[in-house]
file query_37.txt (compact mmCIF, N, CA and C atoms)
# COMPACT_ATOMS: atom_id res chain seq x y z
N MET A 1 35.60 105.75 67.09
CA MET A 1 36.84 105.95 67.80
C MET A 1 37.84 106.69 66.91
N VAL A 2 38.55 107.61 67.50
CA VAL A 2 39.56 108.39 66.79
C VAL A 2 40.90 107.66 66.91
N PRO A 3 41.57 107.40 65.80
CA PRO A 3 42.86 106.69 65.90
C PRO A 3 43.93 107.57 66.56
N MET A 4 44.80 106.92 67.28
CA MET A 4 45.95 107.60 67.87
C MET A 4 46.93 107.95 66.76
N LYS A 5 47.71 109.01 66.99
CA LYS A 5 48.73 109.41 66.03
C LYS A 5 50.07 109.49 66.74
N ALA A 6 51.09 108.97 66.08
CA ALA A 6 52.43 108.96 66.67
C ALA A 6 53.43 109.64 65.75
N ALA A 7 54.36 110.35 66.37
CA ALA A 7 55.53 110.89 65.68
C ALA A 7 56.72 110.08 66.16
N ILE A 8 57.51 109.58 65.24
CA ILE A 8 58.67 108.77 65.59
C ILE A 8 59.92 109.53 65.20
N LEU A 9 60.74 109.84 66.21
CA LEU A 9 61.99 110.56 66.02
C LEU A 9 63.14 109.64 66.41
N PHE A 10 64.21 109.69 65.63
CA PHE A 10 65.31 108.77 65.91
C PHE A 10 66.66 109.42 65.64
N GLN A 11 67.68 108.81 66.22
CA GLN A 11 69.08 109.10 65.92
C GLN A 11 69.66 107.77 65.49
N SER A 12 70.24 107.70 64.30
CA SER A 12 70.76 106.44 63.79
C SER A 12 72.14 106.64 63.21
N LEU A 13 73.03 105.70 63.46
CA LEU A 13 74.38 105.76 62.90
C LEU A 13 74.51 104.80 61.73
N THR A 14 74.16 103.53 61.96
CA THR A 14 74.32 102.51 60.93
C THR A 14 73.03 102.18 60.19
N GLY A 15 71.92 102.75 60.65
CA GLY A 15 70.63 102.48 60.02
C GLY A 15 69.72 101.58 60.83
N ASN A 16 70.25 100.95 61.88
CA ASN A 16 69.42 100.05 62.68
C ASN A 16 68.30 100.78 63.42
N THR A 17 68.60 101.94 63.98
CA THR A 17 67.59 102.68 64.73
C THR A 17 66.54 103.25 63.78
N ARG A 18 66.98 103.70 62.60
CA ARG A 18 66.03 104.16 61.58
C ARG A 18 65.10 103.02 61.18
N LYS A 19 65.69 101.85 60.92
CA LYS A 19 64.89 100.68 60.53
C LYS A 19 63.90 100.30 61.63
N ALA A 20 64.35 100.35 62.89
CA ALA A 20 63.45 100.04 64.00
C ALA A 20 62.28 101.02 64.03
N GLY A 21 62.57 102.31 63.84
CA GLY A 21 61.50 103.31 63.81
C GLY A 21 60.50 103.03 62.70
N GLU A 22 61.00 102.65 61.54
CA GLU A 22 60.12 102.34 60.41
C GLU A 22 59.28 101.09 60.70
N LEU A 23 59.91 100.09 61.31
CA LEU A 23 59.17 98.87 61.66
C LEU A 23 58.09 99.16 62.70
N ILE A 24 58.43 99.97 63.69
CA ILE A 24 57.44 100.35 64.71
C ILE A 24 56.28 101.09 64.05
N ALA A 25 56.59 102.00 63.14
CA ALA A 25 55.53 102.74 62.43
C ALA A 25 54.61 101.77 61.69
N GLY A 26 55.19 100.83 60.99
CA GLY A 26 54.38 99.85 60.26
C GLY A 26 53.50 99.02 61.17
N ASN A 27 54.05 98.60 62.31
CA ASN A 27 53.27 97.82 63.26
C ASN A 27 52.13 98.64 63.86
N LEU A 28 52.40 99.91 64.17
CA LEU A 28 51.33 100.76 64.71
C LEU A 28 50.25 101.02 63.66
N GLN A 29 50.65 101.19 62.41
CA GLN A 29 49.66 101.40 61.34
C GLN A 29 48.76 100.18 61.20
N GLN A 30 49.32 98.99 61.38
CA GLN A 30 48.50 97.78 61.31
C GLN A 30 47.46 97.74 62.43
N GLU A 31 47.74 98.46 63.51
CA GLU A 31 46.80 98.55 64.64
C GLU A 31 45.84 99.72 64.48
N GLY A 32 45.91 100.41 63.34
CA GLY A 32 44.99 101.52 63.08
C GLY A 32 45.50 102.89 63.49
N TRP A 33 46.75 102.98 63.90
CA TRP A 33 47.32 104.27 64.30
C TRP A 33 47.74 105.05 63.07
N GLY A 34 47.74 106.37 63.21
CA GLY A 34 48.30 107.24 62.19
C GLY A 34 49.73 107.59 62.56
N ILE A 35 50.56 107.77 61.57
CA ILE A 35 51.96 108.15 61.80
C ILE A 35 52.16 109.52 61.17
N THR A 36 52.54 110.50 61.98
CA THR A 36 52.72 111.86 61.46
C THR A 36 54.10 112.05 60.86
N THR A 37 55.09 111.32 61.37
CA THR A 37 56.45 111.38 60.82
C THR A 37 57.28 110.24 61.36
N VAL A 38 58.24 109.82 60.56
CA VAL A 38 59.34 108.95 60.99
C VAL A 38 60.57 109.65 60.47
N SER A 39 61.27 110.35 61.36
CA SER A 39 62.36 111.19 60.87
C SER A 39 63.48 111.35 61.90
N PRO A 40 64.67 111.71 61.41
CA PRO A 40 65.77 111.98 62.33
C PRO A 40 65.44 113.18 63.21
N MET A 41 65.91 113.16 64.44
CA MET A 41 65.63 114.26 65.36
C MET A 41 66.14 115.60 64.83
N LYS A 42 67.20 115.57 64.07
CA LYS A 42 67.77 116.82 63.56
C LYS A 42 67.00 117.38 62.37
N GLN A 43 66.01 116.63 61.87
CA GLN A 43 65.16 117.10 60.77
C GLN A 43 63.72 117.16 61.26
N LEU A 44 63.55 117.81 62.37
CA LEU A 44 62.27 117.85 63.06
C LEU A 44 61.20 118.59 62.25
N ASP A 45 60.05 117.95 62.14
CA ASP A 45 58.88 118.54 61.50
C ASP A 45 57.94 118.97 62.62
N MET A 46 57.91 120.26 62.90
CA MET A 46 57.13 120.77 64.03
C MET A 46 55.64 120.45 63.91
N ALA A 47 55.09 120.56 62.71
CA ALA A 47 53.66 120.27 62.53
C ALA A 47 53.38 118.80 62.84
N ALA A 48 54.25 117.91 62.39
CA ALA A 48 54.07 116.48 62.64
C ALA A 48 54.15 116.18 64.14
N LEU A 49 55.04 116.88 64.81
CA LEU A 49 55.18 116.71 66.25
C LEU A 49 53.94 117.21 66.98
N GLN A 50 53.43 118.37 66.59
CA GLN A 50 52.24 118.93 67.22
C GLN A 50 51.01 118.07 66.98
N ASN A 51 50.91 117.44 65.82
CA ASN A 51 49.74 116.63 65.47
C ASN A 51 49.74 115.25 66.11
N ALA A 52 50.85 114.88 66.72
CA ALA A 52 50.97 113.55 67.31
C ALA A 52 50.40 113.52 68.72
N ASP A 53 49.78 112.42 69.07
CA ASP A 53 49.33 112.18 70.44
C ASP A 53 50.47 111.60 71.28
N VAL A 54 51.30 110.81 70.61
CA VAL A 54 52.41 110.12 71.26
C VAL A 54 53.68 110.41 70.47
N VAL A 55 54.76 110.72 71.19
CA VAL A 55 56.06 110.92 70.55
C VAL A 55 56.93 109.73 70.94
N ILE A 56 57.46 109.06 69.93
CA ILE A 56 58.33 107.90 70.15
C ILE A 56 59.75 108.34 69.79
N ILE A 57 60.65 108.18 70.74
CA ILE A 57 62.02 108.64 70.54
C ILE A 57 62.97 107.46 70.67
N GLY A 58 63.80 107.28 69.64
CA GLY A 58 64.74 106.18 69.65
C GLY A 58 66.15 106.62 69.31
N THR A 59 67.10 105.92 69.90
CA THR A 59 68.50 106.19 69.63
C THR A 59 69.29 104.89 69.78
N TRP A 60 70.54 104.96 69.46
CA TRP A 60 71.39 103.79 69.60
C TRP A 60 72.25 103.93 70.84
N VAL A 61 72.70 102.77 71.34
CA VAL A 61 73.53 102.74 72.54
C VAL A 61 74.97 102.95 72.14
N HIS A 62 75.62 103.92 72.79
CA HIS A 62 77.05 104.07 72.55
C HIS A 62 77.78 103.91 73.87
N GLY A 63 79.05 103.65 73.80
CA GLY A 63 79.86 103.41 74.99
C GLY A 63 80.72 102.19 74.74
N LEU A 64 81.49 101.82 75.75
CA LEU A 64 82.30 100.62 75.64
C LEU A 64 81.39 99.41 75.68
N PHE A 65 81.92 98.29 75.29
CA PHE A 65 81.10 97.10 75.08
C PHE A 65 80.12 96.77 76.20
N VAL A 66 80.58 96.78 77.45
CA VAL A 66 79.67 96.44 78.54
C VAL A 66 79.69 97.45 79.68
N VAL A 67 80.39 98.58 79.50
CA VAL A 67 80.38 99.63 80.52
C VAL A 67 80.21 100.99 79.86
N GLY A 68 79.64 101.92 80.59
CA GLY A 68 79.51 103.28 80.08
C GLY A 68 78.47 103.46 78.99
N GLN A 69 77.51 102.55 78.90
CA GLN A 69 76.49 102.67 77.87
C GLN A 69 75.60 103.87 78.15
N ALA A 70 75.24 104.54 77.07
CA ALA A 70 74.36 105.70 77.17
C ALA A 70 73.66 105.90 75.84
N PRO A 71 72.53 106.58 75.86
CA PRO A 71 71.87 106.88 74.59
C PRO A 71 72.69 107.92 73.82
N PHE A 72 72.85 107.69 72.54
CA PHE A 72 73.56 108.67 71.73
C PHE A 72 72.67 109.89 71.54
N GLY A 73 73.26 111.07 71.58
CA GLY A 73 72.55 112.28 71.22
C GLY A 73 71.71 112.90 72.31
N LEU A 74 72.11 112.76 73.57
CA LEU A 74 71.33 113.38 74.64
C LEU A 74 71.23 114.89 74.46
N GLY A 75 72.28 115.50 73.89
CA GLY A 75 72.24 116.94 73.63
C GLY A 75 71.14 117.30 72.64
N THR A 76 70.98 116.50 71.61
CA THR A 76 69.92 116.74 70.63
C THR A 76 68.55 116.60 71.27
N ILE A 77 68.41 115.59 72.11
CA ILE A 77 67.13 115.38 72.79
C ILE A 77 66.82 116.56 73.71
N SER A 78 67.84 117.07 74.39
CA SER A 78 67.60 118.19 75.31
C SER A 78 67.22 119.47 74.58
N HIS A 79 67.47 119.51 73.27
CA HIS A 79 67.10 120.69 72.48
C HIS A 79 65.80 120.51 71.69
N LEU A 80 65.09 119.40 71.95
CA LEU A 80 63.78 119.23 71.32
C LEU A 80 62.85 120.30 71.89
N PRO A 81 61.83 120.68 71.13
CA PRO A 81 60.86 121.64 71.68
C PRO A 81 60.14 121.02 72.87
N ALA A 82 59.56 121.85 73.69
CA ALA A 82 58.83 121.37 74.86
C ALA A 82 57.75 120.38 74.44
N LEU A 83 57.71 119.26 75.13
CA LEU A 83 56.74 118.21 74.83
C LEU A 83 55.69 118.10 75.93
N LYS A 84 55.48 119.18 76.65
CA LYS A 84 54.50 119.18 77.75
C LYS A 84 53.13 118.78 77.21
N GLY A 85 52.49 117.86 77.90
CA GLY A 85 51.18 117.39 77.50
C GLY A 85 51.22 116.23 76.52
N LYS A 86 52.41 115.82 76.10
CA LYS A 86 52.54 114.69 75.17
C LYS A 86 52.93 113.44 75.93
N LEU A 87 52.38 112.33 75.51
CA LEU A 87 52.85 111.04 75.97
C LEU A 87 54.08 110.69 75.14
N ALA A 88 55.02 109.98 75.73
CA ALA A 88 56.22 109.57 74.99
C ALA A 88 56.58 108.14 75.35
N ALA A 89 57.18 107.47 74.39
CA ALA A 89 57.74 106.14 74.60
C ALA A 89 59.13 106.16 73.98
N THR A 90 60.03 105.39 74.55
CA THR A 90 61.41 105.41 74.09
C THR A 90 61.87 104.02 73.67
N PHE A 91 62.87 104.01 72.80
CA PHE A 91 63.52 102.75 72.46
C PHE A 91 64.98 103.02 72.15
N CYS A 92 65.78 101.98 72.33
CA CYS A 92 67.18 102.07 71.94
C CYS A 92 67.54 100.77 71.21
N THR A 93 68.46 100.88 70.29
CA THR A 93 68.97 99.70 69.60
C THR A 93 70.37 99.43 70.13
N PHE A 94 70.69 98.15 70.28
CA PHE A 94 71.98 97.78 70.86
C PHE A 94 72.50 96.49 70.25
N ALA A 95 73.82 96.26 70.45
CA ALA A 95 74.45 95.05 69.95
C ALA A 95 74.73 94.07 71.08
N LEU A 96 75.33 94.54 72.18
CA LEU A 96 75.73 93.63 73.25
C LEU A 96 74.92 93.78 74.53
N ASN A 97 74.85 94.99 75.05
CA ASN A 97 74.21 95.21 76.34
C ASN A 97 73.76 96.66 76.43
N PRO A 98 72.47 96.91 76.61
CA PRO A 98 72.01 98.30 76.68
C PRO A 98 72.31 98.99 78.01
N GLY A 99 72.69 98.22 79.04
CA GLY A 99 72.96 98.82 80.34
C GLY A 99 71.77 99.63 80.82
N THR A 100 72.02 100.85 81.28
CA THR A 100 70.96 101.72 81.80
C THR A 100 70.54 102.77 80.77
N THR A 101 70.77 102.47 79.51
CA THR A 101 70.48 103.44 78.44
C THR A 101 69.03 103.90 78.45
N LEU A 102 68.09 102.98 78.60
CA LEU A 102 66.67 103.38 78.57
C LEU A 102 66.33 104.32 79.72
N ASP A 103 66.86 104.05 80.90
CA ASP A 103 66.60 104.95 82.03
C ASP A 103 67.11 106.35 81.73
N LYS A 104 68.30 106.45 81.18
CA LYS A 104 68.89 107.75 80.83
C LYS A 104 68.07 108.44 79.75
N LEU A 105 67.62 107.67 78.77
CA LEU A 105 66.81 108.21 77.68
C LEU A 105 65.46 108.71 78.22
N ASP A 106 64.84 107.92 79.09
CA ASP A 106 63.56 108.32 79.68
C ASP A 106 63.71 109.64 80.45
N LYS A 107 64.79 109.78 81.21
CA LYS A 107 65.02 111.01 81.97
C LYS A 107 65.18 112.20 81.04
N ALA A 108 65.93 112.02 79.95
CA ALA A 108 66.14 113.12 78.99
C ALA A 108 64.83 113.54 78.35
N VAL A 109 63.99 112.58 77.99
CA VAL A 109 62.71 112.89 77.35
C VAL A 109 61.75 113.52 78.37
N SER A 110 61.78 113.05 79.59
CA SER A 110 60.97 113.67 80.66
C SER A 110 61.39 115.11 80.89
N PHE A 111 62.68 115.37 80.79
CA PHE A 111 63.21 116.71 81.03
C PHE A 111 62.62 117.74 80.07
N VAL A 112 62.27 117.33 78.84
CA VAL A 112 61.65 118.27 77.89
C VAL A 112 60.12 118.30 78.03
N GLY A 113 59.60 117.68 79.08
CA GLY A 113 58.20 117.85 79.43
C GLY A 113 57.26 116.71 79.10
N ALA A 114 57.72 115.68 78.41
CA ALA A 114 56.83 114.59 78.03
C ALA A 114 56.57 113.66 79.22
N GLU A 115 55.43 113.00 79.18
CA GLU A 115 55.14 111.96 80.16
C GLU A 115 55.55 110.62 79.55
N VAL A 116 56.70 110.12 79.99
CA VAL A 116 57.23 108.87 79.43
C VAL A 116 56.48 107.70 80.04
N ILE A 117 55.90 106.88 79.18
CA ILE A 117 55.08 105.76 79.65
C ILE A 117 55.79 104.43 79.52
N GLY A 118 57.02 104.43 79.02
CA GLY A 118 57.76 103.18 78.93
C GLY A 118 58.69 103.16 77.74
N GLY A 119 59.43 102.09 77.66
CA GLY A 119 60.37 101.94 76.56
C GLY A 119 60.84 100.51 76.45
N LEU A 120 61.66 100.28 75.45
CA LEU A 120 62.16 98.93 75.21
C LEU A 120 63.51 99.00 74.51
N ALA A 121 64.42 98.13 74.93
CA ALA A 121 65.71 97.99 74.25
C ALA A 121 65.54 96.93 73.16
N LEU A 122 65.94 97.27 71.95
CA LEU A 122 65.77 96.39 70.80
C LEU A 122 67.14 95.89 70.33
N HIS A 123 67.34 94.60 70.38
CA HIS A 123 68.61 94.03 69.91
C HIS A 123 68.67 94.13 68.40
N ARG A 124 69.80 94.56 67.89
CA ARG A 124 69.90 94.82 66.45
C ARG A 124 69.70 93.58 65.58
N SER A 125 69.92 92.38 66.14
CA SER A 125 69.70 91.17 65.34
C SER A 125 68.25 90.68 65.43
N LYS A 126 67.43 91.36 66.26
CA LYS A 126 66.03 90.96 66.45
C LYS A 126 65.10 92.14 66.26
N LEU A 127 65.46 93.05 65.35
CA LEU A 127 64.69 94.29 65.20
C LEU A 127 63.23 94.04 64.88
N GLU A 128 62.94 93.11 63.99
CA GLU A 128 61.55 92.88 63.60
C GLU A 128 60.71 92.42 64.79
N ALA A 129 61.18 91.41 65.51
CA ALA A 129 60.43 90.88 66.64
C ALA A 129 60.32 91.91 67.76
N HIS A 130 61.42 92.59 68.06
CA HIS A 130 61.40 93.57 69.15
C HIS A 130 60.57 94.80 68.79
N SER A 131 60.57 95.21 67.53
CA SER A 131 59.75 96.34 67.10
C SER A 131 58.27 95.99 67.20
N GLU A 132 57.94 94.77 66.85
CA GLU A 132 56.55 94.31 66.98
C GLU A 132 56.13 94.29 68.45
N GLU A 133 57.02 93.83 69.33
CA GLU A 133 56.72 93.80 70.76
C GLU A 133 56.55 95.23 71.30
N PHE A 134 57.42 96.14 70.87
CA PHE A 134 57.32 97.54 71.30
C PHE A 134 55.96 98.11 70.92
N ALA A 135 55.55 97.93 69.67
CA ALA A 135 54.27 98.46 69.20
C ALA A 135 53.10 97.82 69.94
N ALA A 136 53.17 96.51 70.16
CA ALA A 136 52.09 95.82 70.87
C ALA A 136 51.94 96.35 72.30
N ARG A 137 53.07 96.56 72.97
CA ARG A 137 53.02 97.10 74.34
C ARG A 137 52.45 98.51 74.35
N LEU A 138 52.86 99.31 73.37
CA LEU A 138 52.38 100.69 73.31
C LEU A 138 50.87 100.72 73.10
N VAL A 139 50.38 99.94 72.16
CA VAL A 139 48.94 99.89 71.88
C VAL A 139 48.17 99.40 73.11
N ALA A 140 48.72 98.43 73.81
CA ALA A 140 48.05 97.87 74.98
C ALA A 140 48.01 98.85 76.15
N ASN A 141 48.96 99.78 76.20
CA ASN A 141 49.06 100.67 77.36
C ASN A 141 48.52 102.07 77.14
N ILE A 142 48.02 102.35 75.95
CA ILE A 142 47.46 103.67 75.69
C ILE A 142 45.97 103.51 75.40
N PRO A 143 45.16 104.17 76.18
CA PRO A 143 43.71 104.05 75.96
C PRO A 143 43.29 104.65 74.62
N VAL A 144 42.34 104.00 74.00
CA VAL A 144 41.80 104.49 72.74
C VAL A 144 40.89 105.68 73.04
N ARG A 145 41.01 106.71 72.22
CA ARG A 145 40.14 107.89 72.41
C ARG A 145 38.76 107.63 71.83
N ALA A 146 37.76 108.09 72.53
CA ALA A 146 36.38 107.89 72.07
C ALA A 146 36.01 108.93 71.03

call {"tool": "encode", "arguments": {"input": "query_37.txt", "output": "structure tokens"}}
result
Amino acid sequence: MVPMKAAILFQSLTGNTRKAGELIAGNLQQEGWGITTVSPMKQLDMAALQNADVVIIGTWVHGLFVVGQAPFGLGTISHLPALKGKLAATFCTFALNPGTTLDKLDKAVSFVGAEVIGGLALHRSKLEAHSEEFAARLVANIPVRA
């Protein structure tokens, strides 16, 4: 069996989203996956992106405490290279309430051509547990290549 490879791209303000990306990478590696990159979206490694089977995109929730929540950096996401033919999964980190952030993030990632297969909102005080859950769901929902 050929291991799956993932590229993890993130936007982080305080470091929580970066940490979540790193935790997800570690959890996927424990499942036998290869990680081509864990990097900020603005420091995109095109080769790492091309070599990935799955692109994981994460950002933090911005907006007022319980209204107007949205993924930070939709403009950056809209300027990603075309991801046609790539599977994608999304995550967001939040403090109080993610609102509809994941739906908005999924739409933005779909707009650049990826097939979004799901996502998860990760509470900043539960990053380890939520990152493990994200990785477990991803592994369970992506067929292993023969």

call {"tool": "residues_around", "arguments": {"input": "query_37.txt", "residues": "Asn27 in chain A", "least_positions_apart": "4", "cutoff": "8 Å", "atoms": "all atoms listed in the file", "output": "list in words"}}
result
Gly21, Glu22, Leu23, Glu31, Gly32, Trp33, Ser131, Glu132, Ala135 and Ala136 of chain A

call {"tool": "closest_residue", "arguments": {"input": "query_37.txt", "among": "A:Gly113, A:Ile56, A:Glu128, A:Ile8", "to": "Ala89 in chain A", "atoms": "all atoms listed in the file"}}
result
A:Ile56

call {"tool": "select_by_dssp", "arguments": {"input": "query_37.txt", "residues": "range 7-46 of chain A", "states": "helix (DSSP H, G or I)", "output": "list in words"}}
result
Asn16, Thr17, Arg18, Lys19, Ala20, Gly21, Glu22, Leu23, Ile24, Ala25, Gly26, Asn27, Leu28, Gln29, Gln30, Met41, Lys42, Gln43 and Met46 of chain A

call {"tool": "closest_residue", "arguments": {"input": "query_37.txt", "among": "A:Ile57, A:Leu127, A:Val139, A:Leu120", "to": "Ala20 in chain A", "atoms": "only N, CA and C atoms"}}
result
A:Leu127

call {"tool": "closest_residue", "arguments": {"input": "query_37.txt", "among": "A:Ala48, A:Leu96, A:Met41, A:Ile35", "to": "Thr76 in chain A", "atoms": "only N, CA and C atoms"}}
result
A:Met41

call {"tool": "atom_distance", "arguments": {"input": "query_37.txt", "atom1": "atom C of Pro81 in chain A", "atom2": "CA of Thr59 in chain A"}}
result
17.3 Å

call {"tool": "closest_residue", "arguments": {"input": "query_37.txt", "among": "A:Val109, A:Ala121, A:Leu9, A:Met4", "to": "Cys92 in chain A", "atoms": "only N, CA and C atoms"}}
result
A:Ala121

call {"tool": "atom_distance", "arguments": {"input": "query_37.txt", "atom1": "CA of Gly85 in chain A", "atom2": "atom N of His123 in chain A"}}
result
28.8 Å

call {"tool": "select_by_dssp", "arguments": {"input": "query_37.txt", "residues": "chain A", "states": "strand (DSSP E or B)", "output": "JSON, numbers by chain"}}
result
{"A": [2, 5, 6, 7, 8, 9, 10, 34, 35, 36, 37, 38, 39, 40, 54, 55, 56, 57, 58, 59, 60, 61, 62, 70, 71, 87, 88, 89, 90, 91, 92, 93, 94, 115, 116, 117, 118, 119, 120, 121, 122, 123, 145]}

call {"tool": "decode", "arguments": {"input": "query_37.txt", "residues": "range 47-60 of chain A", "atoms": "N, CA and C atoms", "output": "short mmCIF file (atom, residue, chain, number, x, y, z; two decimals), in the first residue's frame"}}
result
data_model
loop_
_atom_site.label_atom_id
_atom_site.label_comp_id
_atom_site.auth_asym_id
_atom_site.auth_seq_id
_atom_site.Cartn_x
_atom_site.Cartn_y
_atom_site.Cartn_z
N ALA A 47 5.92 22.66 -4.86
CA ALA A 47 6.27 21.24 -5.03
C ALA A 47 5.58 20.41 -3.94
N ALA A 48 5.57 20.90 -2.72
CA ALA A 48 4.93 20.18 -1.62
C ALA A 48 3.43 20.06 -1.86
N LEU A 49 2.85 21.11 -2.41
CA LEU A 49 1.42 21.10 -2.71
C LEU A 49 1.12 20.10 -3.83
N GLN A 50 1.93 20.09 -4.86
CA GLN A 50 1.73 19.16 -5.98
C GLN A 50 1.91 17.71 -5.55
N ASN A 51 2.83 17.45 -4.63
CA ASN A 51 3.11 16.08 -4.20
C ASN A 51 2.10 15.53 -3.21
N ALA A 52 1.21 16.38 -2.73
CA ALA A 52 0.22 15.95 -1.73
C ALA A 52 -1.00 15.34 -2.40
N ASP A 53 -1.55 14.33 -1.76
CA ASP A 53 -2.82 13.75 -2.19
C ASP A 53 -3.98 14.53 -1.59
N VAL A 54 -3.76 15.05 -0.39
CA VAL A 54 -4.78 15.78 0.36
C VAL A 54 -4.18 17.10 0.81
N VAL A 55 -4.95 18.18 0.65
CA VAL A 55 -4.53 19.48 1.14
C VAL A 55 -5.41 19.83 2.33
N ILE A 56 -4.77 20.12 3.45
CA ILE A 56 -5.49 20.47 4.68
C ILE A 56 -5.27 21.97 4.90
N ILE A 57 -6.37 22.69 5.01
CA ILE A 57 -6.29 24.14 5.13
C ILE A 57 -6.94 24.57 6.44
N GLY A 58 -6.19 25.32 7.23
CA GLY A 58 -6.70 25.78 8.51
C GLY A 58 -6.51 27.26 8.72
N THR A 59 -7.44 27.85 9.44
CA THR A 59 -7.36 29.26 9.77
C THR A 59 -8.04 29.49 11.11
N TRP A 60 -7.95 30.69 11.58
CA TRP A 60 -8.59 31.02 12.85
C TRP A 60 -9.87 31.81 12.58
#
